[in-house]
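The structure appears right after this line, and notes come after that.
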Amino acid sequence: MSAWGPRTVARMCLALACVPLVATTLVATAPGASAGASEMPALKAGVFDPPRQAPEFTLQGSNGAELKMSAFRGKVVLLAFGFTSCTEVCPTTLAVFADARRKLGPAASGVQVVYITVDPERDGPERMKKYLAGFDKSFIGGTGSPAQLAAVRKDYGISAEKKMYGRDYTYVHSSFVYLIDRRGRIRALMPYGHSPDDYVHDLKILLGE
Amino acid sequence: MRAGLVLAIVGVGVLAWAGFAPIHTASRDQIFEIPKGTWASRMAGKKVAILPDHIRLTLGVRDILVLKNHDDVPQIFGPTLMMPGQNFRLPFERAAEYQFACTAHASGQMTIVVEPNPETPWARIRWRVRELLDTLS
């Protein structure tokens, strides 16, 4: 019984008191949430709150006409930035768009893909038209002067940096896609790498509004 | 001796709790905010770092990146341009490493690592210890 002296009892009490203290601390420092603890956002893409109006621009369209953002009011727009010589991000993104439109069926008529170049040196309207038709003939490209395109990129928060490789060059550019609703508001941003099904999911929601 | 034994039992109990108790938390949001006056501070030459260039999220626990611009001017924040008073909420559903071009960082890039849900006891212990250390630091 000598082991149960006052000091031992005090140590035990201290040790036992630590259990809830540590447990409480660990719980309190877990600021995330368990599955189902909070509602998942309705869209797979990142959502802006409040949404802002998509800045207007006037560029040369790959269809030979003037390309204005306001012309697509009433449609849901997938707005992407890239360049036709891109070998990684752009072909994947455009193929995903095409697949998503196919999966949407007739509802795809309410969706417009707009693809704006960051490489005006190489991407004229004809070249963009030919390139985009390889994915989906409904896609529209936008090009213009370097100053015009830089202004559009600034308005939309797009980065594009030219990198030289010997005599050739490439661009490192923002790879995400804006989802613009029928009222012309930037509703969401889809990071690179999402599947056609994710786009279908979000487009159905935006088309249904 | 007995006190040592009790301490050992308590230690094992804590470890068991940390390893087997489900992670319950109030929100899955990982929030980053641009405080009001950030732009003015930057213009005054102060170095203001708001968003780390490396963010770790955990699926099913904290897998929603939330950005808030409380400043009076538009800001490039992480992957996007945010208007004053605007929030951005980006959920992640797949464990992977995501790279975003971000001009706000010297590297020009921001990396978000989304780790799998801590389903094993060891993963839960590791997650809880890391959270505790992050909170204390």
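Quick note on naming: the chains in the structure tokens go A, B, ... in the order shown, residues restart at 1 in each chain, and ligands are numbered from 1 in order of appearance.
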Write out as a tab-separated table the residues of segment 54-89 of chain B that have any atom within 10 Å of an atom of segment 188-191 of chain A, one row each with the nearest atom pair and its distance in Å to one decimal, counting only C-alpha atoms, sorted by chain and then rising number.
```
residue	atom	partner	partner_atom	distance
B:Pro79	CA	A:Pro191	CA	8.6
B:Thr80	CA	A:Leu189	CA	8.2
B:Phe88	CA	A:Ala188	CA	8.5
B:Arg89	CA	A:Ala188	CA	9.0
```
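Residues in contact with Leu81 of chain B at 10 Å, where only C-alpha atoms are counted and same-chain residues fewer than 6 positions away are skipped, are listed as Lys154, Asp155, Tyr156, Gly157 and Ile158 of chain A; Asn69, Pro74, Gln75, Phe88 and Cys102 of chain B.
For chain B, the residues having at least one atom no farther than 7 Å from chain A, when counting only C-alpha atoms, are Ala3, Val6, Leu7, Val10, Val14, Ile23, His24, Thr25, Ala26, Ser27, Arg28, Asp29, Gly60, Val61, Arg62, Ile76, Thr80, Leu81, Gln86, Asn87, Phe88, Arg89, Leu90, Pro91, Ala101, Arg128, Glu131, Leu132 and Thr135 of chain B.
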Written selection (N, CA and C atoms) as a PDB file, in the first residue's frame:
```
ATOM      1  N   ALA B   3       2.405   4.227 -10.604  1.00  0.00           N
ATOM      2  CA  ALA B   3       2.160   5.491 -11.306  1.00  0.00           C
ATOM      3  C   ALA B   3       2.658   5.402 -12.740  1.00  0.00           C
ATOM      4  N   VAL B   6       0.221   3.391 -14.696  1.00  0.00           N
ATOM      5  CA  VAL B   6      -0.983   4.175 -15.011  1.00  0.00           C
ATOM      6  C   VAL B   6      -0.701   5.144 -16.151  1.00  0.00           C
ATOM      7  N   LEU B   7       0.486   5.770 -16.067  1.00  0.00           N
ATOM      8  CA  LEU B   7       0.852   6.706 -17.142  1.00  0.00           C
ATOM      9  C   LEU B   7       0.920   6.000 -18.489  1.00  0.00           C
ATOM     10  N   VAL B  10      -2.545   5.318 -19.657  1.00  0.00           N
ATOM     11  CA  VAL B  10      -3.151   6.565 -20.158  1.00  0.00           C
ATOM     12  C   VAL B  10      -2.597   6.902 -21.543  1.00  0.00           C
ATOM     13  N   VAL B  14      -4.685   7.327 -24.923  1.00  0.00           N
ATOM     14  CA  VAL B  14      -4.687   8.522 -25.788  1.00  0.00           C
ATOM     15  C   VAL B  14      -4.362   8.131 -27.225  1.00  0.00           C
ATOM     16  N   ILE B  23     -12.536  11.427 -37.015  1.00  0.00           N
ATOM     17  CA  ILE B  23     -12.212  12.848 -36.929  1.00  0.00           C
ATOM     18  C   ILE B  23     -13.488  13.650 -37.142  1.00  0.00           C
ATOM     19  N   HIS B  24     -13.937  14.276 -36.080  1.00  0.00           N
ATOM     20  CA  HIS B  24     -15.137  15.117 -36.163  1.00  0.00           C
ATOM     21  C   HIS B  24     -14.726  16.572 -36.042  1.00  0.00           C
ATOM     22  N   THR B  25     -15.105  17.337 -37.022  1.00  0.00           N
ATOM     23  CA  THR B  25     -14.793  18.762 -36.970  1.00  0.00           C
ATOM     24  C   THR B  25     -15.977  19.566 -37.490  1.00  0.00           C
ATOM     25  N   ALA B  26     -15.925  20.825 -37.257  1.00  0.00           N
ATOM     26  CA  ALA B  26     -17.102  21.659 -37.546  1.00  0.00           C
ATOM     27  C   ALA B  26     -17.189  22.125 -38.992  1.00  0.00           C
ATOM     28  N   SER B  27     -16.059  22.200 -39.662  1.00  0.00           N
ATOM     29  CA  SER B  27     -16.088  22.742 -41.024  1.00  0.00           C
ATOM     30  C   SER B  27     -14.985  22.109 -41.852  1.00  0.00           C
ATOM     31  N   ARG B  28     -15.230  21.976 -43.135  1.00  0.00           N
ATOM     32  CA  ARG B  28     -14.200  21.437 -44.030  1.00  0.00           C
ATOM     33  C   ARG B  28     -13.437  22.549 -44.733  1.00  0.00           C
ATOM     34  N   ASP B  29     -13.688  23.771 -44.344  1.00  0.00           N
ATOM     35  CA  ASP B  29     -13.071  24.919 -45.005  1.00  0.00           C
ATOM     36  C   ASP B  29     -11.661  25.199 -44.488  1.00  0.00           C
ATOM     37  N   GLY B  60     -12.196  14.798 -47.138  1.00  0.00           N
ATOM     38  CA  GLY B  60     -13.202  14.395 -46.161  1.00  0.00           C
ATOM     39  C   GLY B  60     -13.053  15.063 -44.813  1.00  0.00           C
ATOM     40  N   VAL B  61     -11.972  15.790 -44.618  1.00  0.00           N
ATOM     41  CA  VAL B  61     -11.721  16.451 -43.332  1.00  0.00           C
ATOM     42  C   VAL B  61     -11.624  17.964 -43.521  1.00  0.00           C
ATOM     43  N   ARG B  62     -10.713  18.345 -44.375  1.00  0.00           N
ATOM     44  CA  ARG B  62     -10.573  19.763 -44.714  1.00  0.00           C
ATOM     45  C   ARG B  62     -10.162  19.813 -46.180  1.00  0.00           C
ATOM     46  N   ILE B  76      -5.021  39.461 -57.077  1.00  0.00           N
ATOM     47  CA  ILE B  76      -4.734  38.110 -57.544  1.00  0.00           C
ATOM     48  C   ILE B  76      -4.480  37.293 -56.289  1.00  0.00           C
ATOM     49  N   THR B  80      -6.715  32.836 -58.755  1.00  0.00           N
ATOM     50  CA  THR B  80      -7.715  33.674 -59.418  1.00  0.00           C
ATOM     51  C   THR B  80      -7.659  35.150 -59.019  1.00  0.00           C
ATOM     52  N   LEU B  81      -8.386  35.935 -59.789  1.00  0.00           N
ATOM     53  CA  LEU B  81      -8.531  37.360 -59.515  1.00  0.00           C
ATOM     54  C   LEU B  81      -9.805  37.545 -58.700  1.00  0.00           C
ATOM     55  N   GLN B  86     -15.241  39.824 -52.360  1.00  0.00           N
ATOM     56  CA  GLN B  86     -15.625  38.554 -52.989  1.00  0.00           C
ATOM     57  C   GLN B  86     -14.993  37.356 -52.258  1.00  0.00           C
ATOM     58  N   ASN B  87     -15.732  36.268 -52.222  1.00  0.00           N
ATOM     59  CA  ASN B  87     -15.227  35.002 -51.677  1.00  0.00           C
ATOM     60  C   ASN B  87     -15.110  33.988 -52.802  1.00  0.00           C
ATOM     61  N   PHE B  88     -14.214  33.051 -52.613  1.00  0.00           N
ATOM     62  CA  PHE B  88     -14.045  31.968 -53.593  1.00  0.00           C
ATOM     63  C   PHE B  88     -13.930  30.661 -52.824  1.00  0.00           C
ATOM     64  N   ARG B  89     -14.739  29.697 -53.235  1.00  0.00           N
ATOM     65  CA  ARG B  89     -14.813  28.429 -52.494  1.00  0.00           C
ATOM     66  C   ARG B  89     -14.564  27.276 -53.450  1.00  0.00           C
ATOM     67  N   LEU B  90     -13.431  26.624 -53.288  1.00  0.00           N
ATOM     68  CA  LEU B  90     -13.019  25.569 -54.230  1.00  0.00           C
ATOM     69  C   LEU B  90     -12.936  24.209 -53.525  1.00  0.00           C
ATOM     70  N   PRO B  91     -13.859  23.307 -53.861  1.00  0.00           N
ATOM     71  CA  PRO B  91     -13.813  21.979 -53.228  1.00  0.00           C
ATOM     72  C   PRO B  91     -12.874  21.028 -53.981  1.00  0.00           C
ATOM     73  N   ALA B 101      -0.785  28.554 -61.429  1.00  0.00           N
ATOM     74  CA  ALA B 101       0.053  29.734 -61.666  1.00  0.00           C
ATOM     75  C   ALA B 101      -0.433  30.816 -60.705  1.00  0.00           C
ATOM     76  N   ARG B 128      -3.704  14.088 -36.496  1.00  0.00           N
ATOM     77  CA  ARG B 128      -4.008  14.843 -35.268  1.00  0.00           C
ATOM     78  C   ARG B 128      -2.753  15.500 -34.695  1.00  0.00           C
ATOM     79  N   GLU B 131      -1.882  18.456 -36.825  1.00  0.00           N
ATOM     80  CA  GLU B 131      -2.792  19.578 -36.550  1.00  0.00           C
ATOM     81  C   GLU B 131      -2.437  20.276 -35.250  1.00  0.00           C
ATOM     82  N   LEU B 132      -2.111  19.455 -34.239  1.00  0.00           N
ATOM     83  CA  LEU B 132      -1.754  20.018 -32.942  1.00  0.00           C
ATOM     84  C   LEU B 132      -0.498  20.870 -33.062  1.00  0.00           C
ATOM     85  N   THR B 135      -1.166  24.081 -34.861  1.00  0.00           N
ATOM     86  CA  THR B 135      -1.878  25.035 -34.014  1.00  0.00           C
ATOM     87  C   THR B 135      -0.936  25.677 -33.008  1.00  0.00           C
TER      88      THR B 135
END
```
Worksheet item: When you draw a straight line from atom CA of Asn117 of chain B to atom CA of Tyr98 of chain B, how long is it in Å?
Response: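 So the answer is 16.7 Å.
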Discussion item. When DSSP is applied to the backbone of this structure, which of segment 42-207 of chain A are assigned strand (DSSP E)? Write them out as an MDAnalysis selection string.
Written reply: chainID A and resid 46:53 58:61 66:68 76:82 111:117 140:143 160:165 168:173 177:180 185:190
Residue contacts of segment 68-74 of chain A (9 Å, only C-alpha atoms) excluding same-chain residues fewer than 6 positions away, as a JSON list (two decimals) with C-alpha atoms, in the first residue's frame:
```
[["chain", "number", "residue", "atom", "x", "y", "z"],
["A", 54, "ALA", "CA", -17.65, 38.94, -66.96],
["A", 55, "PRO", "CA", -15.61, 41.84, -68.33],
["A", 56, "GLU", "CA", -16.53, 42.81, -71.87],
["A", 57, "PHE", "CA", -14.00, 42.42, -74.67],
["A", 58, "THR", "CA", -13.93, 42.79, -78.41],
["A", 59, "LEU", "CA", -11.61, 40.46, -80.27],
["A", 60, "GLN", "CA", -11.33, 38.80, -83.65],
["A", 61, "GLY", "CA", -13.35, 35.61, -83.67],
["A", 110, "GLY", "CA", -26.98, 26.19, -74.54],
["A", 112, "GLN", "CA", -20.59, 28.01, -75.82],
["A", 114, "VAL", "CA", -14.72, 30.41, -76.04],
["A", 181, "ASP", "CA", -23.74, 31.85, -66.52],
["A", 182, "ARG", "CA", -26.58, 32.87, -68.83],
["A", 183, "ARG", "CA", -26.59, 36.36, -67.28],
["A", 184, "GLY", "CA", -22.94, 36.88, -68.16]]
```
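Of the listed residues (A:Leu132, A:Ile186, A:Leu203, A:Ala150), A:Ile186 comes nearest to Met82 of chain B; the distances count only C-alpha atoms.
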Worksheet item: Expressed in Å to a single decimal, how great is the separation between atom CA of Ile125 of chain B and atom CA of Gly11 of chain B?
Response: 12.8 Å
Worksheet item: Gly142 of chain A: which residues within 9 Å, counting only C-alpha atoms, same-chain residues fewer than 2 positions away excluded, as a list of chain:residue names?
Response: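 Surrounding residues, per the criterion: A:Thr58, A:Leu59, A:Gln60, A:Gly61, A:Ser62, A:Glu66, A:Leu67, A:Val114, A:Tyr115, A:Ile116, A:Thr117, A:Asp123, A:Gly124, A:Pro125, A:Met128, A:Ile140, A:Gly144, A:Leu149.
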Keeping C-alpha atoms, export the residues of the selection given above as a tab-separated table (two decimals), in the first residue's frame.
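Saved file part_36.tsv follows:
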```tsv
chain	number	residue	atom	x	y	z
A	58	THR	CA	-13.93	42.79	-78.41
A	59	LEU	CA	-11.61	40.46	-80.27
A	60	GLN	CA	-11.33	38.80	-83.65
A	61	GLY	CA	-13.35	35.61	-83.67
A	62	SER	CA	-12.15	32.45	-85.37
A	66	GLU	CA	-16.22	40.14	-84.05
A	67	LEU	CA	-16.01	38.27	-80.76
A	114	VAL	CA	-14.72	30.41	-76.04
A	115	TYR	CA	-10.98	29.88	-76.30
A	116	ILE	CA	-8.77	32.96	-76.27
A	117	THR	CA	-5.20	32.74	-77.42
A	123	ASP	CA	-2.72	32.17	-83.61
A	124	GLY	CA	-4.61	33.99	-86.31
A	125	PRO	CA	-8.36	33.42	-86.83
A	128	MET	CA	-7.63	28.83	-84.54
A	140	ILE	CA	-15.04	29.80	-81.07
A	144	GLY	CA	-6.23	40.12	-81.42
A	149	LEU	CA	-5.11	40.20	-75.43
```
Worksheet item: Which one of B:Thr120, B:Thr38, B:Ser137, B:Thr58 sits closest to Phe77 of chain B if you count only C-alpha atoms?
Response: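 Closest candidate: B:Thr38.
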Worksheet item: Mind pulling up the distance from atom CA of Ala100 of chain A to atom CA of Asp198 of chain A?
Response: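 These atoms are spaced 8.5 Å apart.
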Item to complete: Mind listing the alpha helix (DSSP H) residues of segment 9-82 of chain B, per DSSP on the backbone, as an NGL selection string?
Response: :B and (9-20 or 38-43)
Fill in: Contact residues around Pro118 of chain B with only C-alpha atoms at 8 Å, ignoring same-chain residues under 4 positions, as a list in words
Thr58, Ala123, Arg124 and Trp127 of chain B
